[in-house]
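Below is one structure, written out as structure tokens; the observations come after it.
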Amino acid sequence: MIWRSLICSSLFYCGAASAASLPAIVAGRVILRDSRVDAVNKKKDFSGVIISAERVGSRPAPAPPKHAVMLQKNKMFVPHILPIVTGTVVDFPNGDPIFHNAFSSYSGQIFDIGLYPPGTSKSVRFSRSGLVRVFCNIHPSMSSIILVLNTEHFTATASDGSYELNVPPGEYNLSVFHERATEQMLAGLSRRIVVTDQPVRVQDIEISEGGYLLAPHKNKYGKDYVPPPDDQIVYPGVRN
């Protein structure tokens, strides 16, 4: 009977430990205000805000086994905002019938992958966390953001502003990123949460776009863009 008691006790504690380590849902809602964007004001579209949870005192998460992709298509970067884990390699395939030159001169990570033709791709590994603003050296209207995070726990808000994260038990810093908000505003919205085996409901997060100003950017040489090229011209060896 003693050995049965020991087995039952062991199973009980093992089961309790397993249950305690299961992820719990962290959920909440983001509300955007003071916006000059029609989709926000008229349609109440609060999508695209990145919510991330980084464990307090933890080391950066290892890079995922697969590459992330930021496609260049119709003179746009797709997706416009790409959250990734530190160490991820991002592929920049050129899906247009014209040349592109993706680069970033911001402190998040400086890179320049050069001019390359349609149907080809180049890659960049992002080795430290931070905000990377990406542009094309040929087409000034092209811009995107790569958000490099020291955590694998992140998501983007739905159109109604709602979000959910599956997070193992522990203490976390919950952070928010929105393209049309100031750094000061976003820093003030960060908060500490404690996750147990029960769902966590986070108080609504209100983000003001009132202080946001769209600043023009330079080309990769730090100079103004020349007049846009005539992309109808067929590049050597390339057909439209």
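Each chain of the structure tokens is named A, B, ... in the order shown, its residues numbered from 1; ligands are numbered from 1 in display order.
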Original post:
Which neighbours of Val89 of chain A fall inside 6 Å, counting only C-alpha atoms, when residues of the same chain fewer than 4 positions from it are skipped, and could you give them as a PyMOL selection string?
Top reply: chain A and resi 67+124-125
Residues from the last selection, N, CA and C atoms, saved as a PDB file, in the first residue's frame:
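out-v4.pdb, freshly written:
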ATOM      1  N   HIS A  67      12.548  31.296 -41.856  1.00  0.00           N
ATOM      2  CA  HIS A  67      12.732  32.701 -42.187  1.00  0.00           C
ATOM      3  C   HIS A  67      11.379  33.416 -42.221  1.00  0.00           C
ATOM      4  N   VAL A 124      18.368  39.404 -44.782  1.00  0.00           N
ATOM      5  CA  VAL A 124      19.076  40.111 -43.711  1.00  0.00           C
ATOM      6  C   VAL A 124      18.749  39.423 -42.396  1.00  0.00           C
ATOM      7  N   ARG A 125      19.767  39.190 -41.579  1.00  0.00           N
ATOM      8  CA  ARG A 125      19.556  38.639 -40.241  1.00  0.00           C
ATOM      9  C   ARG A 125      19.524  39.785 -39.243  1.00  0.00           C
TER      10      ARG A 125
END
Subject >> Selection: 8 Å around Leu22 of chain A, only C-alpha atoms, excl. self and same-chain fewer than 6 positions, as an MDAnalysis selection string >> reply: chainID A and resid 168:169 197
Could those selected residues go to a file with C-alpha atoms, as a short mmCIF file (atom, residue, chain, number, x, y, z; two decimals), in the first residue's frame?
data_model
loop_
_atom_site.label_atom_id
_atom_site.label_comp_id
_atom_site.auth_asym_id
_atom_site.auth_seq_id
_atom_site.Cartn_x
_atom_site.Cartn_y
_atom_site.Cartn_z
CA PRO A 168 3.28 30.43 -19.79
CA PRO A 169 3.05 31.34 -16.09
CA ASP A 197 -2.82 29.20 -14.78
#
Would you mind listing what lies within 8 Å of Ile84 of chain A as a PDB file with C-alpha atoms, in the first residue's frame, with only C-alpha atoms counted and same-chain residues fewer than 2 positions away left out?
ATOM      1  CA  ALA A  68      10.250  35.554 -42.190  1.00  0.00           C
ATOM      2  CA  LEU A  82       6.527  42.670 -39.422  1.00  0.00           C
ATOM      3  CA  THR A  86      15.712  38.535 -32.366  1.00  0.00           C
ATOM      4  CA  THR A  88      15.382  35.948 -37.363  1.00  0.00           C
ATOM      5  CA  ILE A 146      10.349  45.456 -38.764  1.00  0.00           C
ATOM      6  CA  LEU A 147       9.871  45.174 -35.004  1.00  0.00           C
ATOM      7  CA  VAL A 148      12.594  42.948 -33.542  1.00  0.00           C
ATOM      8  CA  LEU A 149      11.562  41.521 -30.160  1.00  0.00           C
ATOM      9  CA  GLU A 152       8.204  34.893 -29.087  1.00  0.00           C
TER      10      GLU A 152
END
**OP:** From a DSSP calculation on the backbone, collect every residue of segment 43-220 of chain A in alpha helix (DSSP H) and output the set as an NGL selection string.
**Re:** :A and (183-189)
Subject >> Within 6 Å of Ser175 of chain A using only C-alpha atoms, minus same-chain residues under 4 positions, as a count of residues only >> reply: 3
**OP:** Can you check which residues of segment 26-228 of chain A DSSP gives as strand (DSSP E) on the backbone and send them as a PyMOL selection string?
**Re:** chain A and resi 26-33+50-55+68-69+71-73+76-78+81-85+89-93+102-104+111-112+121-125+130-136+143-149+154-156+162-167+170-177+191-195+200-201+205-208
Subject >> Neighbour list for Val200 of chain A as an MDAnalysis selection string, cut-off 10 Å, only C-alpha atoms, skip fewer than 2 positions in-chain >> reply: chainID A and resid 24:28 164:165 167 193:198 202:203
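If you look at atom CA of Gly222 of chain A and atom CA of Pro97 of chain A, they are 26.6 Å away from each other.
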Original post:
A:Tyr106, A:Phe154, A:Phe126, A:Phe46: which is nearest Asp91 of chain A, counting only C-alpha atoms?
Top reply: A:Phe126
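With distances restricted to only C-alpha atoms, A:Glu171 is the closest residue to Val56 of chain A from A:Asp224, A:Glu183, A:Glu206, A:Glu171.
Between atom CA of Val69 of chain A and atom CA of Val30 of chain A the interatomic distance comes to 26.4 Å.
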**OP:** Find, counting only C-alpha atoms, the residue in A:Ala158, A:Ile205, A:Val176, A:Ile113 that gets nearest to Arg33 of chain A.
**Re:** A:Ile205
Subject >> Point-to-point distance from atom CA of Asp112 of chain A to atom CA of Asn150 of chain A, Å rounded to tenths >> reply: 23.3 Å
